Amino acid sequence: MGTPLVVLSIVLFFAAAVPIARAWRSRIAAAVALFLAAFGLLVIDFQILGALAAPTGARLVTSGAVLVVAAILCGATWCVDRVVRRGDAGTSVAPGVEESRRTGHAALAAVAVVGIALYASAVSTGLSAPPRGWDVLTYHLPRAASWLLHGDLGIYGSTGAYYPGNAELPILTLFFSGSDRLVPLTQLPFAMLGALSLYGLARRLGATTAAAAVPVLAFLTAPMVFFQSTIAKDDLVVTALVLACAFFVTRTLTSDFTIRGRWRDVAAAGFALGLAVGTKYSVLPFAIVLVPAVFVLHALLAPGAGERRGAGQAAAVAGIFLAAALVPSVFWFVRNLAVAGNPIAPLSTSIGEWAARSGLQKESQFVARAADWWLFPLLDRHRSSTYSGQAGYGAAFAVFFIPALALSARRMLSRAEPRAVRLRYATVIAFVALAAVAWWFGKHHLPRFLLPAVAVACAPIALLFDAVARRARLALVGLLSLCVLFSALETLRIVYVQHHHTWSHQRGKSEREFYRMPSLIDELPVGTRILLLQPTDHSYYQTFRYPLVGALPGNEVVMEEDVGVTFDVKRDGADGAYPELVAHDIDYVFIRTVGLKPFSTWFDDYPRLYAKILDSEEPIYPWYRVPIADPRGWEEI
């Protein structure tokens, strides 16, 4: 496609989203809906092509096809916008909420200045080196590279092969340009979506403009958010989508609620959740319990709550919410069901096997001892040895979120507040509680999986700054300033001081030098099949999967545990595995020996089966060319 056409396709997605966003009169809601719709249309575009390619085996997920479908979607949304009379479009906003008290522009300007300064550094960090990170190089980027090579959205590889892949689709879009240098920044726009959604959520809770800027500042200066914005994982994508979902759910909770007047907000909330479910399995337990929670909220809100009319209206809301959630997520479940017979493969369909708490995993990556978890929200000690993007939640969150949630609970129980407003506080508490419970009972008990709950818990911090007298507010502002300064310095300390995987230590290394890959990688014919073997069982060696892809569209990298692979070199030996390698069309075998002394391999004893290649620049990494089998049979060679 090339860079210009990639840019054109992105412009088309946003252009197609404009008519959808115009359905909201609120500027904040329209901005959130614009981004949400653009990302959703990109996902739907790829999923349409992927669904058509699956039964036919055709190469339909291509740059040209994506551009054509993007143009069709753009034309369709604008045609519908012209034809449909939106008499009920643009929902009214309750007095005293979101559109009132338009003061505090100085606070918004201050947040903008801090955000721009910090995230200019994030851009520099992201662009300073090729993509990095265990998850990124092991399965996020290899999946997108496989889709690029095969022209579909099939199952390739092992780790993460069956996972939902909405977050990898923007990566695939950038791959169409033939370069991956912008890939580390694929989550950066979602930091902005999260900030917008969080601001809108705080306003829906009744915060003033100035106070609503506080949770945005806490969110953007959190070290974990900063690091996620510079690396091509998916935790920030999920976080922003959950925030958008919470924002639109609160928009449905007004005293004049009717299905006709609020169905767009309900659908947008469900669609945001569906995009999140289609991005990461960790959202699935949260989503399953959120649908009945939405029903309960609207059963309490609807006229005649507890009666047939109220229950029917709440059921309609939950139905729209669920249907909208399925649109951007069901593709992955249907694909897995067709290929593996299990819609949530590789997870078990037995809830007890994947939703039961398994304890803290890899705890030493984050804290030296269990007692240090109390300090984790404040500090980023970044104990792990790789650039992981797993860091603290930020001092502003750590200091303010408990009293903020307590204030929300108090107002939720107050009879002085209107029912709709009380239910908005209940929504925030429910989102935080459900996300935290889902995290606690999940098997992958990692701090970054809790980021959606942390982000939503930031919203009521705004209420603290409106609830106190002016003199006390000044003290809170001073404390907030210290917290923000501490978080920003803690973040930049990692970037400029600690570890070699940050931009201040790269000194302009090329991609091949960064990955320490032989020059042969970029010279092989497109589609060359390379077997990557691990010299030890350490998972670190799996990170070489993406570097072996080389220049896009690149090589196809295979590992022994991959889907459809039947050989095992360690078990069968180099000679016993040879016919299987030939049957799998393996062209090269590569063993990465980082951290190990040069050693003889299984293949050195069979020079007629495996031709050894030593790269002059990296001689300790042995390559083996797998010759075409002799017609007499491999046993006679």
# chains A, B, ... in the order shown; residues from 1 in each chain; ligands from 1
call {"tool": "residues_around", "arguments": {"residues": "Ile48 in chain A", "least_positions_apart": "3", "cutoff": "10 Å", "atoms": "only C-alpha atoms", "output": "list in words"}}
result
Val43, Ile44, Asp45, Ala51, Leu52, Ala53, Leu60, Val61, Val66, Val69 and Phe331 of chain A
call {"tool": "write_last_selection", "arguments": {"atoms": "C-alpha atoms", "output": "mmCIF file, in the first residue's frame"}}
result
data_model
loop_
_atom_site.group_PDB
_atom_site.id
_atom_site.type_symbol
_atom_site.label_atom_id
_atom_site.label_comp_id
_atom_site.auth_asym_id
_atom_site.auth_seq_id
_atom_site.Cartn_x
_atom_site.Cartn_y
_atom_site.Cartn_z
ATOM 1 C CA VAL A 43 -11.847 -3.400 13.066
ATOM 2 C CA ILE A 44 -15.057 -4.136 11.148
ATOM 3 C CA ASP A 45 -13.282 -3.548 7.825
ATOM 4 C CA ALA A 51 -14.684 -13.580 7.356
ATOM 5 C CA LEU A 52 -14.792 -13.691 3.546
ATOM 6 C CA ALA A 53 -11.250 -15.078 3.323
ATOM 7 C CA LEU A 60 -8.467 -10.871 0.864
ATOM 8 C CA VAL A 61 -6.854 -9.087 3.814
ATOM 9 C CA VAL A 66 -8.871 -2.656 3.122
ATOM 10 C CA VAL A 69 -13.889 -1.397 2.093
ATOM 11 C CA PHE A 331 -15.607 -12.637 14.814
#
call {"tool": "select_by_dssp", "arguments": {"residues": "range 292-343 of chain A", "states": "alpha helix (DSSP H)", "output": "ChimeraX atom specification"}}
result
/A:292-301,308-326,330-340
call {"tool": "closest_residue", "arguments": {"among": "A:Ser350, A:Trp134, A:Leu423, A:Met192", "to": "Leu300 in chain A", "atoms": "only C-alpha atoms"}}
result
A:Leu423
call {"tool": "closest_atom_pairs", "arguments": {"of": "range 199-300 of chain A", "to": "range 409-422 of chain A", "cutoff": "9 Å", "atoms": "only C-alpha atoms", "output": "CSV"}}
result
residue,atom,partner,partner_atom,distance
A:Arg204,CA,A:Val421,CA,8.5
A:Leu205,CA,A:Val421,CA,7.1
A:Gly206,CA,A:Val421,CA,8.3
A:Thr250,CA,A:Val421,CA,8.8
A:Leu253,CA,A:Ala420,CA,5.3
A:Thr254,CA,A:Ala420,CA,5.1
A:Ser255,CA,A:Ala420,CA,5.6
A:Leu300,CA,A:Arg419,CA,8.5
call {"tool": "closest_residue", "arguments": {"among": "A:Pro223, A:Pro170, A:Pro189, A:Pro460", "to": "Leu118 in chain A", "atoms": "only C-alpha atoms"}}
result
A:Pro223
call {"tool": "residues_around", "arguments": {"residues": "Ala212 in chain A", "least_positions_apart": "4", "cutoff": "8 Å", "atoms": "only C-alpha atoms", "output": "ChimeraX atom specification"}}
result
/A:199-200,202-203,207-208,216,459,462
call {"tool": "atom_distance", "arguments": {"atom1": "CA of Ala211 in chain A", "atom2": "CA of Ala455 in chain A"}}
result
16.0 Å
call {"tool": "closest_residue", "arguments": {"among": "A:Tyr156, A:Lys280, A:Gly312, A:Trp623", "to": "Glu561 in chain A", "atoms": "only C-alpha atoms"}}
result
A:Tyr156
call {"tool": "atom_distance", "arguments": {"atom1": "CA of Arg448 in chain A", "atom2": "CA of Phe175 in chain A"}}
result
26.2 Å
call {"tool": "closest_residue", "arguments": {"among": "A:Ala433, A:Ser408, A:Asp372, A:Val277", "to": "Val454 in chain A", "atoms": "only C-alpha atoms"}}
result
A:Ala433
call {"tool": "atom_distance", "arguments": {"atom1": "CA of Ser128 in chain A", "atom2": "CA of Ala232 in chain A"}}
result
13.8 Å
call {"tool": "closest_residue", "arguments": {"among": "A:Val214, A:Met224, A:Val557, A:Val526", "to": "Leu480 in chain A", "atoms": "only C-alpha atoms"}}
result
A:Val214
